[in-house]
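Novice: My file is structure12.cif. It has mmCIF, C-alpha atoms and all ligand atoms:
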data_my_file
#
loop_
_atom_site.group_PDB
_atom_site.id
_atom_site.type_symbol
_atom_site.label_atom_id
_atom_site.label_comp_id
_atom_site.auth_asym_id
_atom_site.auth_seq_id
_atom_site.Cartn_x
_atom_site.Cartn_y
_atom_site.Cartn_z
ATOM 1 C CA MET A 1 209.011 249.560 66.207
ATOM 2 C CA ASP A 2 207.874 252.515 68.251
ATOM 3 C CA PHE A 3 211.018 254.469 68.939
ATOM 4 C CA PHE A 4 209.779 257.558 67.139
ATOM 5 C CA SER A 5 206.972 259.732 68.344
ATOM 6 C CA GLY A 6 205.058 262.459 66.555
ATOM 7 C CA LYS A 7 204.671 262.680 62.812
ATOM 8 C CA MET A 8 208.100 261.523 61.702
ATOM 9 C CA GLY A 9 208.197 258.766 59.132
ATOM 10 C CA TRP A 10 210.720 255.998 58.611
ATOM 11 C CA ILE A 11 211.581 252.944 56.528
ATOM 12 C CA GLU A 12 211.639 249.359 57.827
ATOM 13 C CA VAL A 13 212.977 246.569 55.606
ATOM 14 C CA ILE A 14 212.276 242.864 56.102
ATOM 15 C CA CYS A 15 214.529 240.794 53.821
ATOM 16 C CA GLY A 16 215.718 237.244 53.348
ATOM 17 C CA PRO A 17 215.156 234.252 51.051
ATOM 18 C CA MET A 18 211.840 232.719 50.031
ATOM 19 C CA PHE A 19 210.039 230.785 52.808
ATOM 20 C CA SER A 20 211.809 232.787 55.546
ATOM 21 C CA GLY A 21 208.648 234.460 56.873
ATOM 22 C CA LYS A 22 208.928 237.916 55.285
ATOM 23 C CA SER A 23 205.235 238.066 54.368
ATOM 24 C CA GLU A 24 204.207 236.721 57.787
ATOM 25 C CA GLU A 25 206.311 239.375 59.508
ATOM 26 C CA LEU A 26 204.969 242.119 57.220
ATOM 27 C CA ILE A 27 201.390 241.030 57.935
ATOM 28 C CA ARG A 28 202.113 240.881 61.694
ATOM 29 C CA ARG A 29 203.431 244.459 61.710
ATOM 30 C CA LEU A 30 200.569 245.761 59.566
ATOM 31 C CA ARG A 31 197.982 244.051 61.809
ATOM 32 C CA ARG A 32 199.530 245.726 64.846
ATOM 33 C CA ALA A 33 199.324 249.089 63.087
ATOM 34 C CA MET A 34 195.625 248.436 62.399
ATOM 35 C CA ILE A 35 195.081 247.517 66.056
ATOM 36 C CA ALA A 36 196.640 250.893 66.882
ATOM 37 C CA ARG A 37 193.930 252.376 64.596
ATOM 38 C CA LYS A 38 196.423 253.621 62.048
ATOM 39 C CA ARG A 39 195.418 253.936 58.417
ATOM 40 C CA VAL A 40 197.195 251.202 56.452
ATOM 41 C CA GLN A 41 197.653 250.553 52.731
ATOM 42 C CA VAL A 42 199.481 247.532 51.329
ATOM 43 C CA PHE A 43 200.868 247.177 47.810
ATOM 44 C CA LYS A 44 202.312 244.297 45.842
ATOM 45 C CA PRO A 45 203.458 244.013 42.214
ATOM 46 C CA THR A 46 200.990 242.499 39.727
ATOM 47 C CA ILE A 47 203.824 240.213 38.584
ATOM 48 C CA ASP A 48 203.223 238.162 41.706
ATOM 49 C CA THR A 49 199.693 236.842 41.277
ATOM 50 C CA ARG A 50 200.574 233.307 42.408
ATOM 51 C CA TYR A 51 197.830 233.103 44.983
ATOM 52 C CA SER A 52 195.665 236.155 44.802
ATOM 53 C CA ASN A 53 195.312 239.489 43.046
ATOM 54 C CA ASP A 54 193.995 241.519 45.951
ATOM 55 C CA GLU A 55 195.694 239.871 48.921
ATOM 56 C CA ILE A 56 199.184 239.188 50.145
ATOM 57 C CA VAL A 57 199.417 235.537 51.123
ATOM 58 C CA SER A 58 202.201 233.842 53.080
ATOM 59 C CA HIS A 59 203.343 230.287 52.443
ATOM 60 C CA ALA A 60 201.551 229.307 55.653
ATOM 61 C CA ASP A 61 198.403 230.958 54.199
ATOM 62 C CA THR A 62 198.220 234.056 56.399
ATOM 63 C CA ARG A 63 196.412 236.684 54.320
ATOM 64 C CA MET A 64 195.857 240.418 54.185
ATOM 65 C CA LYS A 65 194.047 242.675 51.714
ATOM 66 C CA SER A 66 196.405 244.462 49.357
ATOM 67 C CA GLU A 67 196.414 246.489 46.153
ATOM 68 C CA ALA A 68 198.261 245.140 43.112
ATOM 69 C CA VAL A 69 200.266 247.725 41.131
ATOM 70 C CA SER A 70 201.863 247.238 37.712
ATOM 71 C CA ASN A 71 204.666 249.661 38.599
ATOM 72 C CA VAL A 72 205.793 251.517 41.673
ATOM 73 C CA HIS A 73 204.635 254.937 40.397
ATOM 74 C CA GLU A 74 201.060 253.665 40.538
ATOM 75 C CA VAL A 75 201.468 253.635 44.318
ATOM 76 C CA LEU A 76 201.533 257.437 44.343
ATOM 77 C CA THR A 77 198.271 257.673 42.397
ATOM 78 C CA ARG A 78 196.608 255.016 44.575
ATOM 79 C CA LEU A 79 197.839 256.407 47.864
ATOM 80 C CA ASP A 80 195.334 258.040 50.157
ATOM 81 C CA TRP A 81 197.457 260.778 51.707
ATOM 82 C CA ARG A 82 195.770 260.172 55.083
ATOM 83 C CA THR A 83 197.439 256.729 55.104
ATOM 84 C CA GLU A 84 199.940 256.469 57.950
ATOM 85 C CA VAL A 85 201.497 253.060 57.282
ATOM 86 C CA VAL A 86 202.450 251.866 53.785
ATOM 87 C CA GLY A 87 203.410 248.190 53.283
ATOM 88 C CA PHE A 88 205.100 246.636 50.262
ATOM 89 C CA ASP A 89 205.367 242.883 49.669
ATOM 90 C CA GLU A 90 207.626 241.233 47.028
ATOM 91 C CA ALA A 91 209.395 244.599 46.738
ATOM 92 C CA ASN A 92 212.300 243.071 44.793
ATOM 93 C CA PHE A 93 209.947 243.092 41.779
ATOM 94 C CA LEU A 94 209.151 246.817 42.091
ATOM 95 C CA GLY A 95 212.399 248.145 40.612
ATOM 96 C CA PRO A 96 214.840 250.934 41.516
ATOM 97 C CA ASP A 97 212.245 253.737 41.653
ATOM 98 C CA LEU A 98 210.980 252.239 44.910
ATOM 99 C CA ILE A 99 214.051 253.767 46.597
ATOM 100 C CA GLU A 100 212.993 257.344 45.854
ATOM 101 C CA ILE A 101 209.315 256.672 46.476
ATOM 102 C CA ALA A 102 209.930 254.961 49.843
ATOM 103 C CA ASN A 103 212.075 257.924 50.932
ATOM 104 C CA GLN A 104 209.448 260.385 49.739
ATOM 105 C CA LEU A 105 206.776 258.562 51.764
ATOM 106 C CA ALA A 106 208.987 258.404 54.872
ATOM 107 C CA ASP A 107 209.929 262.092 54.499
ATOM 108 C CA SER A 108 206.247 262.958 54.420
ATOM 109 C CA GLY A 109 205.708 261.284 57.800
ATOM 110 C CA LYS A 110 204.665 257.750 56.846
ATOM 111 C CA GLN A 111 205.844 254.466 58.301
ATOM 112 C CA VAL A 112 207.039 252.443 55.302
ATOM 113 C CA ILE A 113 207.435 248.674 55.715
ATOM 114 C CA ILE A 114 209.102 246.859 52.824
ATOM 115 C CA ALA A 115 209.423 243.061 52.473
ATOM 116 C CA GLY A 116 211.476 241.502 49.680
ATOM 117 C CA LEU A 117 214.191 239.108 48.572
ATOM 118 C CA ASP A 118 217.691 240.437 49.236
ATOM 119 C CA THR A 119 219.403 237.968 46.872
ATOM 120 C CA ASP A 120 218.436 236.397 43.550
ATOM 121 C CA TYR A 121 218.631 232.763 42.344
ATOM 122 C CA MET A 122 222.400 233.183 41.772
ATOM 123 C CA GLY A 123 222.983 234.508 45.291
ATOM 124 C CA ARG A 124 223.610 238.063 44.010
ATOM 125 C CA PRO A 125 222.224 241.166 45.768
ATOM 126 C CA PHE A 126 218.742 241.751 44.323
ATOM 127 C CA SER A 127 218.130 245.437 43.633
ATOM 128 C CA PRO A 128 216.494 247.539 45.058
ATOM 129 C CA ILE A 129 216.526 245.752 48.437
ATOM 130 C CA PRO A 130 220.276 246.215 49.149
ATOM 131 C CA GLU A 131 220.002 249.969 48.438
ATOM 132 C CA LEU A 132 216.899 250.203 50.608
ATOM 133 C CA LEU A 133 218.842 248.687 53.520
ATOM 134 C CA ALA A 134 221.148 251.684 53.340
ATOM 135 C CA HIS A 135 218.194 254.092 53.492
ATOM 136 C CA ALA A 136 216.237 252.245 56.208
ATOM 137 C CA GLU A 137 215.953 253.073 59.912
ATOM 138 C CA SER A 138 215.262 249.409 60.719
ATOM 139 C CA ILE A 139 216.406 246.168 59.073
ATOM 140 C CA THR A 140 215.248 242.627 59.804
ATOM 141 C CA LYS A 141 216.875 239.672 58.081
ATOM 142 C CA THR A 142 214.738 236.560 58.169
ATOM 143 C CA LEU A 143 216.197 233.094 57.567
ATOM 144 C CA ALA A 144 214.419 229.969 56.352
ATOM 145 C CA ILE A 145 215.303 226.336 57.041
ATOM 146 C CA CYS A 146 217.617 224.635 54.534
ATOM 147 C CA MET A 147 215.689 221.892 52.749
ATOM 148 C CA ARG A 148 218.816 219.764 52.391
ATOM 149 C CA CYS A 149 220.367 219.879 55.847
ATOM 150 C CA GLY A 150 218.031 221.735 58.236
ATOM 151 C CA ASN A 151 220.435 224.603 58.997
ATOM 152 C CA PRO A 152 219.423 228.270 58.821
ATOM 153 C CA ALA A 153 219.059 229.202 55.154
ATOM 154 C CA LYS A 154 219.759 232.558 53.512
ATOM 155 C CA HIS A 155 219.495 231.444 49.883
ATOM 156 C CA THR A 156 216.655 230.911 47.452
ATOM 157 C CA GLN A 157 217.540 227.820 45.417
ATOM 158 C CA ARG A 158 215.968 227.637 41.966
ATOM 159 C CA LEU A 159 214.966 224.077 41.063
ATOM 160 C CA VAL A 160 213.896 224.613 37.456
ATOM 161 C CA GLU A 161 216.128 225.449 34.524
ATOM 162 C CA SER A 162 216.040 229.106 33.439
ATOM 163 C CA ASP A 163 218.499 231.961 33.046
ATOM 164 C CA ASP A 164 215.794 234.586 33.557
ATOM 165 C CA LEU A 165 216.209 236.734 36.658
ATOM 166 C CA ILE A 166 212.505 236.550 37.371
ATOM 167 C CA VAL A 167 210.678 233.229 37.277
ATOM 168 C CA VAL A 168 207.647 233.563 39.521
ATOM 169 C CA GLY A 169 206.894 230.418 41.456
ATOM 170 C CA ALA A 170 206.709 228.853 44.868
ATOM 171 C CA ALA A 171 207.133 225.363 46.324
ATOM 172 C CA GLY A 172 208.403 222.992 43.662
ATOM 173 C CA MET A 173 210.244 225.727 41.737
ATOM 174 C CA TYR A 174 212.273 227.141 44.595
ATOM 175 C CA GLU A 175 213.488 225.991 47.977
ATOM 176 C CA ALA A 176 215.490 227.482 50.826
ATOM 177 C CA ARG A 177 219.147 226.475 51.185
ATOM 178 C CA CYS A 178 222.002 227.365 53.537
ATOM 179 C CA ARG A 179 225.316 228.715 52.242
ATOM 180 C CA ARG A 180 226.854 225.205 52.229
ATOM 181 C CA CYS A 181 224.057 223.541 50.265
ATOM 182 C CA PHE A 182 223.258 226.433 47.888
ATOM 183 C CA GLU A 183 224.132 225.874 44.234
ATOM 184 C CA PRO A 184 223.889 229.070 42.114
ATOM 185 C CA GLY A 185 221.632 228.427 39.145
ATOM 186 C CA VAL A 186 220.085 224.978 38.838
ATOM 187 C CA PRO A 187 221.030 222.300 41.390
ATOM 188 C CA LYS A 188 222.901 219.180 40.389
ATOM 189 C CA GLN A 189 222.512 217.458 43.733
ATOM 190 C CA GLU A 190 219.734 214.945 44.328
ATOM 191 C CA TYR A 191 216.765 216.150 46.330
ATOM 192 C CA LEU A 192 216.529 214.970 49.907
ATOM 193 C CA ASP A 193 213.465 213.022 50.890
ATOM 194 C CA PHE A 194 212.717 214.871 54.112
ATOM 195 C CA ALA A 195 211.643 217.819 51.985
ATOM 196 C CA ARG A 196 207.996 217.897 50.928
ATOM 197 C CA PRO A 197 207.161 216.071 47.658
ATOM 198 C CA ARG A 198 207.884 218.118 44.541
ATOM 199 C CA ILE A 199 206.014 218.363 41.288
ATOM 200 C CA ASN A 200 209.217 217.725 39.358
ATOM 201 C CA ALA A 201 210.690 215.065 41.653
ATOM 202 C CA PRO A 202 211.877 212.039 39.684
ATOM 203 C CA ALA A 203 209.484 209.049 39.765
ATOM 204 C CA LYS A 204 210.677 206.118 41.880
HETATM 205 P P1 LIG B 1 208.397 234.564 52.586
HETATM 206 O O1 LIG B 1 207.493 235.778 52.485
HETATM 207 O O2 LIG B 1 209.747 234.910 53.171
HETATM 208 O O3 LIG B 1 208.510 233.794 51.298
HETATM 209 P P2 LIG B 1 206.225 233.427 54.090
HETATM 210 O O4 LIG B 1 205.911 234.406 55.184
HETATM 211 O O5 LIG B 1 205.353 233.477 52.856
HETATM 212 O O6 LIG B 1 207.764 233.573 53.660
HETATM 213 O O7 LIG B 1 206.162 231.920 54.626
HETATM 214 C C1 LIG B 1 206.816 231.506 55.789
HETATM 215 C C2 LIG B 1 206.247 230.143 56.170
HETATM 216 O O8 LIG B 1 206.611 229.177 55.178
HETATM 217 C C3 LIG B 1 206.783 229.556 57.456
HETATM 218 O O9 LIG B 1 206.109 230.022 58.593
HETATM 219 C C4 LIG B 1 206.554 228.057 57.250
HETATM 220 O O10 LIG B 1 205.236 227.721 57.636
HETATM 221 C C5 LIG B 1 206.614 227.885 55.735
HETATM 222 N N1 LIG B 1 207.821 227.216 55.215
HETATM 223 C C6 LIG B 1 207.834 226.414 54.130
HETATM 224 N N2 LIG B 1 209.091 226.016 53.836
HETATM 225 C C7 LIG B 1 209.914 226.576 54.762
HETATM 226 C C8 LIG B 1 211.332 226.545 54.992
HETATM 227 N N3 LIG B 1 212.175 225.864 54.195
HETATM 228 N N4 LIG B 1 211.825 227.241 56.039
HETATM 229 C C9 LIG B 1 210.985 227.926 56.844
HETATM 230 N N5 LIG B 1 209.648 227.996 56.684
HETATM 231 C C10 LIG B 1 209.101 227.338 55.653
HETATM 232 ZN ZN ZN B 2 222.092 223.190 54.102
#
Translate the structure described by the file into structure tokens.
Ligand code: ADP
Ligand code: ZN
Specialist:
Amino acid sequence: MDFFSGKMGWIEVICGPMFSGKSEELIRRLRRAMIARKRVQVFKPTIDTRYSNDEIVSHADTRMKSEAVSNVHEVLTRLDWRTEVVGFDEANFLGPDLIEIANQLADSGKQVIIAGLDTDYMGRPFSPIPELLAHAESITKTLAICMRCGNPAKHTQRLVESDDLIVVGAAGMYEARCRRCFEPGVPKQEYLDFARPRINAPAK
């Protein structure tokens, strides 16, 4: 997005369910900023160490160096104030203070790009992403492919039993589902075989 010139900052949000390409899109935008010789810093929460501590990694294994922070305030201490573009991955785990910090960064002239889940495993808005949409100059909603029927999917279906809001996991613990196939909580329907094999699939 290049519709601003000069030193004005702004907020871009990339949101959608798991497997919808949020990390890929974040990495694509950050790479373009690097090609434009901008100074870039990327942060992710330490809660998400599924693949790597110092990289963001997409499900298709695209990677980019990042800094893991245990809370969003650590971003301010880690930030080099010469940085022009600040990326956040898995921002739904960073909590409500991200709203103020993202605005502070944008007000000080930085391009802020935030990727995160907009709904939780029950299909409810997942704070702080919905609030950030209201503050953003640019919003991109990415959709995945429903693993039951192949339609565009906006939901993250949890496949393992838990009432906790946060259960960190990837393929095997979650899958993408469309609004027709989504079952809030744990699914009762049988898995379809065109989906990739799962660790907890029943033995045949
Ligand atoms: P997100 O950050 O939204 O979880 P990623 O950028 O990490 O998504 O991964 C997107 C990639 O995941 C796709 O390019 C594709 O290769 C792969 N993928 C796996 N399952 C699905 C699915 N159900 N729908 C779409 N892409 C999927
Ligand atoms: Zn479906």
Novice: Please list as a ChimeraX atom specification every residue within 10 Å of Asn151 of chain A, counting only C-alpha atoms and excluding residues in the same chain fewer than 3 positions away.
Specialist: /A:143-148,154,176-181
Novice: Which residues are close to Arg158 of chain A, i.e. within 12 Å by all atoms listed in the file, leaving aside same-chain residues fewer than 5 positions away? Reply as a PyMOL selection string.
Specialist: chain A and resi 17-18+119-123+163-177+182-188
Novice: At most 7 Å from (209.0, 242.7, 45.4), file frame, only C-alpha atoms: which residues, as a list in words?
Specialist: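 These residues have at least one counted atom within 7 Å: Lys44, Pro45, Asp89, Glu90, Ala91, Asn92, Phe93, Leu94 and Gly116 of chain A.
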Novice: Using 8 Å of padding on each side, determine the axis-aligned box around all atoms of ligand LIG 1 (chain B) present in the file and give its centre and edge lengths in Å to one decimal, as JSON.
Specialist:
{"center_x": 208.7, "center_y": 230.8, "center_z": 54.9, "size_x": 22.9, "size_y": 25.9, "size_z": 23.3}
Novice: So that I can see what lies close to Phe88 of chain A, please list as an mmCIF file with C-alpha atoms, keeping the file's coordinate frame the residues with an atom at most 8 Å from it, counting all atoms listed in the file and leaving out residues fewer than 5 positions away in the same chain.
Specialist:
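Wrote part.cif, looks like this:
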data_model
loop_
_atom_site.group_PDB
_atom_site.id
_atom_site.type_symbol
_atom_site.label_atom_id
_atom_site.label_comp_id
_atom_site.auth_asym_id
_atom_site.auth_seq_id
_atom_site.Cartn_x
_atom_site.Cartn_y
_atom_site.Cartn_z
ATOM 1 C CA VAL A 42 199.481 247.532 51.329
ATOM 2 C CA PHE A 43 200.868 247.177 47.810
ATOM 3 C CA LYS A 44 202.312 244.297 45.842
ATOM 4 C CA VAL A 112 207.039 252.443 55.302
ATOM 5 C CA ILE A 113 207.435 248.674 55.715
ATOM 6 C CA ILE A 114 209.102 246.859 52.824
ATOM 7 C CA ALA A 115 209.423 243.061 52.473
#
Novice: Since the input is missing atoms, can you rebuild N, CA and C atoms for segment 16-46 of chain A and write them as a tab-separated table (two decimals), in the coordinates of the input?
Specialist:
chain	number	residue	atom	x	y	z
A	16	GLY	N	215.25	238.61	53.17
A	16	GLY	CA	215.72	237.24	53.35
A	16	GLY	C	215.28	236.42	52.16
A	17	PRO	N	215.53	235.10	52.19
A	17	PRO	CA	215.16	234.25	51.05
A	17	PRO	C	213.66	233.92	51.06
A	18	MET	N	213.22	233.22	50.03
A	18	MET	CA	211.84	232.72	50.03
A	18	MET	C	211.65	231.76	51.21
A	19	PHE	N	210.46	231.68	51.71
A	19	PHE	CA	210.04	230.78	52.81
A	19	PHE	C	210.59	231.20	54.17
A	20	SER	N	211.19	232.41	54.28
A	20	SER	CA	211.81	232.79	55.55
A	20	SER	C	210.85	233.54	56.47
A	21	GLY	N	209.62	233.80	56.00
A	21	GLY	CA	208.65	234.46	56.87
A	21	GLY	C	208.55	235.96	56.68
A	22	LYS	N	209.01	236.47	55.54
A	22	LYS	CA	208.93	237.92	55.28
A	22	LYS	C	207.47	238.38	55.24
A	23	SER	N	206.64	237.65	54.48
A	23	SER	CA	205.24	238.07	54.37
A	23	SER	C	204.53	237.95	55.71
A	24	GLU	N	204.81	236.88	56.45
A	24	GLU	CA	204.21	236.72	57.79
A	24	GLU	C	204.58	237.89	58.69
A	25	GLU	N	205.84	238.28	58.65
A	25	GLU	CA	206.31	239.38	59.51
A	25	GLU	C	205.70	240.71	59.06
A	26	LEU	N	205.61	240.91	57.75
A	26	LEU	CA	204.97	242.12	57.22
A	26	LEU	C	203.52	242.18	57.68
A	27	ILE	N	202.81	241.07	57.54
A	27	ILE	CA	201.39	241.03	57.94
A	27	ILE	C	201.26	241.27	59.44
A	28	ARG	N	202.14	240.68	60.24
A	28	ARG	CA	202.11	240.88	61.69
A	28	ARG	C	202.26	242.37	62.04
A	29	ARG	N	203.22	243.03	61.41
A	29	ARG	CA	203.43	244.46	61.71
A	29	ARG	C	202.26	245.31	61.25
A	30	LEU	N	201.70	244.97	60.08
A	30	LEU	CA	200.57	245.76	59.57
A	30	LEU	C	199.33	245.56	60.43
A	31	ARG	N	199.13	244.31	60.92
A	31	ARG	CA	197.98	244.05	61.81
A	31	ARG	C	198.10	244.86	63.08
A	32	ARG	N	199.32	244.94	63.62
A	32	ARG	CA	199.53	245.73	64.85
A	32	ARG	C	199.24	247.20	64.60
A	33	ALA	N	199.62	247.70	63.43
A	33	ALA	CA	199.32	249.09	63.09
A	33	ALA	C	197.81	249.30	63.02
A	34	MET	N	197.09	248.32	62.48
A	34	MET	CA	195.62	248.44	62.40
A	34	MET	C	195.01	248.41	63.80
A	35	ILE	N	195.57	247.57	64.67
A	35	ILE	CA	195.08	247.52	66.06
A	35	ILE	C	195.29	248.88	66.72
A	36	ALA	N	196.37	249.54	66.36
A	36	ALA	CA	196.64	250.89	66.88
A	36	ALA	C	195.81	251.96	66.15
A	37	ARG	N	194.85	251.50	65.36
A	37	ARG	CA	193.93	252.38	64.60
A	37	ARG	C	194.65	253.31	63.63
A	38	LYS	N	195.75	252.83	63.08
A	38	LYS	CA	196.42	253.62	62.05
A	38	LYS	C	195.82	253.26	60.70
A	39	ARG	N	195.88	254.21	59.78
A	39	ARG	CA	195.42	253.94	58.42
A	39	ARG	C	196.53	253.23	57.66
A	40	VAL	N	196.18	252.06	57.08
A	40	VAL	CA	197.20	251.20	56.45
A	40	VAL	C	196.84	250.96	54.99
A	41	GLN	N	197.83	251.02	54.12
A	41	GLN	CA	197.65	250.55	52.73
A	41	GLN	C	198.80	249.61	52.39
A	42	VAL	N	198.48	248.54	51.67
A	42	VAL	CA	199.48	247.53	51.33
A	42	VAL	C	199.51	247.34	49.82
A	43	PHE	N	200.72	247.33	49.25
A	43	PHE	CA	200.87	247.18	47.81
A	43	PHE	C	201.74	245.98	47.49
A	44	LYS	N	201.43	245.35	46.35
A	44	LYS	CA	202.31	244.30	45.84
A	44	LYS	C	202.33	244.40	44.32
A	45	PRO	N	203.40	243.92	43.67
A	45	PRO	CA	203.46	244.01	42.21
A	45	PRO	C	202.50	243.03	41.56
A	46	THR	N	201.92	243.42	40.42
A	46	THR	CA	200.99	242.50	39.73
A	46	THR	C	201.72	241.27	39.21
